[in-house]
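Asker: Got a structure for you, written out below as structure tokens; questions coming shortly.
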Amino acid sequence: MKDSKSDTIDFGYKQVAKNEKQSLVANVFNSVAQKYDIMNDVMSFGIHRIWKRYTIDCSGVRTGMKVLDIAGGTGDLTAQFSRRVGPTGEVVLADINQAMLDVGRDKLRNKGIVGNVDYVQANAEDLPFEDERFDIITIAFGLRNVTDKQKALESMFRVLKPGGRLLVLEFSKPVPPMLSQAYDFYSFNVLPKMGQLVAGDAESYQYLAESIRMHPDQDTLKSMMEQAGYERVTYDNLTGGIVALHRGFKF
Amino acid sequence: MLWTVLPMQALEGLVNHLMHLDPETPARLQKLNGRRVRVSLKELGKPFTVTVTETGLVLSWIDDGSVDCHIVTELAVLPELRDSANITRLIKADKLDIEGDPMLAQQLSKLLSDLDIDWPEQLSQRIGDVPAQVLVNAFERGRARLKTFQTDSQQWLGDVLVEEKQVLAAREQFIQFQNDLQALRAQLDKLERHLQEQRN
Ligand SMILES: C[S@@+](CC[C@H](N)C(=O)[O-])C[C@H]1O[C@@H](n2cnc3c(N)ncnc32)[C@H](O)[C@@H]1O
């Protein structure tokens, strides 16, 4: 996965051509976009809401700030940021997948969130924004799906203001061994079946479980962030490390 | 401390819901928009942070960013803070420490204590006009009765004290007494502190 010279890359546990991964990921999210929110709640027993709120509380967001929610999907984080930055601030909800953005836009409009949110279709690896534009960047459950993660971290670094911070919320490596085993069982046996039941799509959730396992663990991601230029990089393990929140600053 | 997210969120929801039953709230929030207060209660260990936004209060036990005002105190002292006359005494007694803008804390607590909620209206929106009216009438009757009872007994007491026994102190005397009491309290605080220091 880290060998950038080879032209195949993991798609879950399968090896696929690099240029193929992006469209495969797009397919996964195209097929789940409509039911994405329900599945999130079902799969994580609603805990993803708590992880997200934790992320917001750690973000240092203030009135008037500019926030980028990349791989923002259906906009859970964007909605909360929008309220906190107020009319003088700005939130950009960006995602590579138009179907997810559309669902997000409808959802936020229905919640009455308009005015300070922009919707941009964008690839995290190559962000279409000028340098030093954002005070805060979040990527929640998104980095895992990005083909070249290092490149994405660098691209985010470029568009971050000095003094700004990046928050990466992502599945990680459970710390207690018992939890790790239970979690494996859940991911490979229960999750795809639930995916089949609720969304009629076991394969996408099989991919989800596999992509979580292939994602760099806490310390690997931390050093990748440092390599991209972030300073004072720290992480918090949430729920035993099933999820980790990494934070890094640009100075 | 991930677990704190849920109770804080529930509390936040409740507080904001109540606040928005008062039509004045948006204007009041506007005035304090963006201000941040942190409260450290000895009993709770970790401080919690209140941020005012245009749409309501944000409560967090995780947020450790900078704030405009930080209050360090203990649970038992909180009710005393409502009267600003107590503040100096409490600070001197080491029961209270305020860093930053002390007015802000008071403005924030006013945000809640000034709430004026039209309960009959809220009730009728939820349970219908007629049952709401019945409830409200019963409540008002109860309150009126309580009030008559209070005035009656106060009057009786006044009569007994002033007219019959002539023992009620004049207003001036009473104020003098209050002042003495305040001074005594301060001395007591000081003494307590001395004792504490000697013991340590
Ligand atoms: C699991 S969803 C997370 C959505 C949202 N942040 C949340 O937490 O609910 C992952 C999102 O990442 C997006 N994504 C995948 N690869 C991406 C890339 N290279 N650039 C931007 N977004 C990408 C997908 O389209 C999908 O919407």
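By order in the structure tokens, chains are A, B, ...; within a chain, residues start at 1; ligands start at 1, following the order shown.
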Could the residues of chain A within 12 Å of chain B, counting only C-alpha atoms, be given as a ChimeraX atom specification, please?
Answerer: /A:46-65,80-89,113,236-241,243-245
Asker: List all protein, DNA and RNA residues that have an atom no more than 9 Å from any atom of ligand 1, counting only C-alpha atoms and all ligand atoms, and report them as a PyMOL selection string.
Answerer: chain A and resi 22+25-30+33+36-37+40+48-49+52+69-78+94-101+121-127+138-149+152+169-170+208
Asker: Convert the current residue selection to file output with C-alpha atoms, as a JSON list (two decimals), in the first residue's frame.
Answerer:
[["chain", "number", "residue", "atom", "x", "y", "z"],
["A", 22, "GLN", "CA", -11.00, 5.65, -7.16],
["A", 25, "VAL", "CA", -14.59, 3.63, -4.01],
["A", 26, "ALA", "CA", -17.00, 5.89, -5.82],
["A", 27, "ASN", "CA", -19.17, 2.88, -6.59],
["A", 28, "VAL", "CA", -19.21, 1.84, -2.98],
["A", 29, "PHE", "CA", -20.47, 5.23, -1.89],
["A", 30, "ASN", "CA", -22.81, 5.63, -4.83],
["A", 33, "ALA", "CA", -25.35, 7.18, -0.36],
["A", 36, "TYR", "CA", -25.64, 5.91, 4.44],
["A", 37, "ASP", "CA", -26.94, 7.72, 7.53],
["A", 40, "ASN", "CA", -24.03, 4.56, 10.23],
["A", 48, "HIS", "CA", -20.46, 7.69, 15.54],
["A", 49, "ARG", "CA", -22.42, 10.74, 16.64],
["A", 52, "LYS", "CA", -18.08, 13.30, 15.77],
["A", 69, "ASP", "CA", -14.91, 19.22, 5.94],
["A", 70, "ILE", "CA", -13.25, 17.01, 3.33],
["A", 71, "ALA", "CA", -14.72, 13.60, 2.53],
["A", 72, "GLY", "CA", -17.60, 15.17, 4.38],
["A", 73, "GLY", "CA", -20.21, 12.86, 2.85],
["A", 74, "THR", "CA", -23.65, 13.63, 4.17],
["A", 75, "GLY", "CA", -22.41, 16.55, 6.24],
["A", 76, "ASP", "CA", -22.77, 15.58, 9.91],
["A", 77, "LEU", "CA", -19.70, 17.58, 10.89],
["A", 78, "THR", "CA", -20.51, 20.41, 8.50],
["A", 94, "ALA", "CA", -16.21, 18.66, 0.00],
["A", 95, "ASP", "CA", -16.44, 15.10, -1.25],
["A", 96, "ILE", "CA", -15.25, 13.17, -4.26],
["A", 97, "ASN", "CA", -18.68, 11.68, -4.73],
["A", 98, "GLN", "CA", -21.48, 13.84, -6.09],
["A", 99, "ALA", "CA", -24.20, 11.47, -4.88],
["A", 100, "MET", "CA", -23.01, 11.85, -1.26],
["A", 101, "LEU", "CA", -22.81, 15.63, -1.67],
["A", 121, "GLN", "CA", -16.81, 18.10, -5.42],
["A", 122, "ALA", "CA", -13.13, 17.53, -4.77],
["A", 123, "ASN", "CA", -10.45, 14.89, -4.38],
["A", 124, "ALA", "CA", -8.62, 15.09, -1.07],
["A", 125, "GLU", "CA", -5.36, 14.33, -2.84],
["A", 126, "ASP", "CA", -5.58, 17.42, -4.98],
["A", 127, "LEU", "CA", -7.68, 20.08, -3.30],
["A", 138, "THR", "CA", -11.55, 17.73, 9.26],
["A", 139, "ILE", "CA", -11.60, 14.39, 7.53],
["A", 140, "ALA", "CA", -13.91, 11.95, 9.28],
["A", 141, "PHE", "CA", -13.97, 8.31, 8.21],
["A", 142, "GLY", "CA", -12.62, 9.45, 4.87],
["A", 143, "LEU", "CA", -8.83, 9.10, 4.81],
["A", 144, "ARG", "CA", -9.19, 5.32, 4.77],
["A", 145, "ASN", "CA", -10.78, 5.53, 1.34],
["A", 146, "VAL", "CA", -8.22, 7.83, -0.20],
["A", 147, "THR", "CA", -5.81, 6.19, -2.64],
["A", 148, "ASP", "CA", -2.67, 8.16, -1.77],
["A", 149, "LYS", "CA", -3.04, 9.14, 1.86],
["A", 152, "ALA", "CA", -3.88, 13.92, 0.72],
["A", 169, "LEU", "CA", -11.19, 10.92, 12.72],
["A", 170, "GLU", "CA", -10.78, 7.37, 11.51],
["A", 208, "LEU", "CA", -15.72, -1.36, 4.78]]
Asker: Could you pull out the residues in region 22-244 of chain A that DSSP calls helix (DSSP H, G or I) from the backbone, as a PyMOL selection string?
Answerer: chain A and resi 22-44+47-58+76-85+98-110+143-145+149-159+177-199+202-214+218-228+239-241
Asker: When DSSP works through the backbone of this structure, what residues of region 51-214 of chain A end up as strand (DSSP E or B), shown as a PyMOL selection string?
Answerer: chain A and resi 66-70+90-95+117-121+134-140+160-171
Asker: Would you mind reading off the distance between CA of Ser113 (chain B) and CA of Arg82 (chain B), one decimal, in Å?
Answerer: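 The value is 9.5 Å.
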Asker: Nearest residue to Thr88 (chain B) out of B:Lys147, B:Ala76, B:Lys46, B:Pro102, using only C-alpha atoms?
Answerer: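 That would be B:Pro102, the residue with the smallest distance to Thr88 (chain B).
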Asker: Give me, please, the distance in Å between CA of Asp219 (chain A) and CA of Gln150 (chain A), quoted to one decimal.
Answerer: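 Spanning CA of Asp219 (chain A) to CA of Gln150 (chain A) is a straight-line distance of 14.3 Å.
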Asker: What's around Lys66 (chain A) at 6 Å? Count only C-alpha atoms, leave out sequence neighbours fewer than 2 positions away in its own chain, and write the answer as a ChimeraX atom specification.
Answerer: /A:89-91,134-135
Asker: Could you tell me how far CA of Ile71 (chain B) lies from CA of Arg38 (chain B), in Å and to one decimal?
Answerer: 6.2 Å
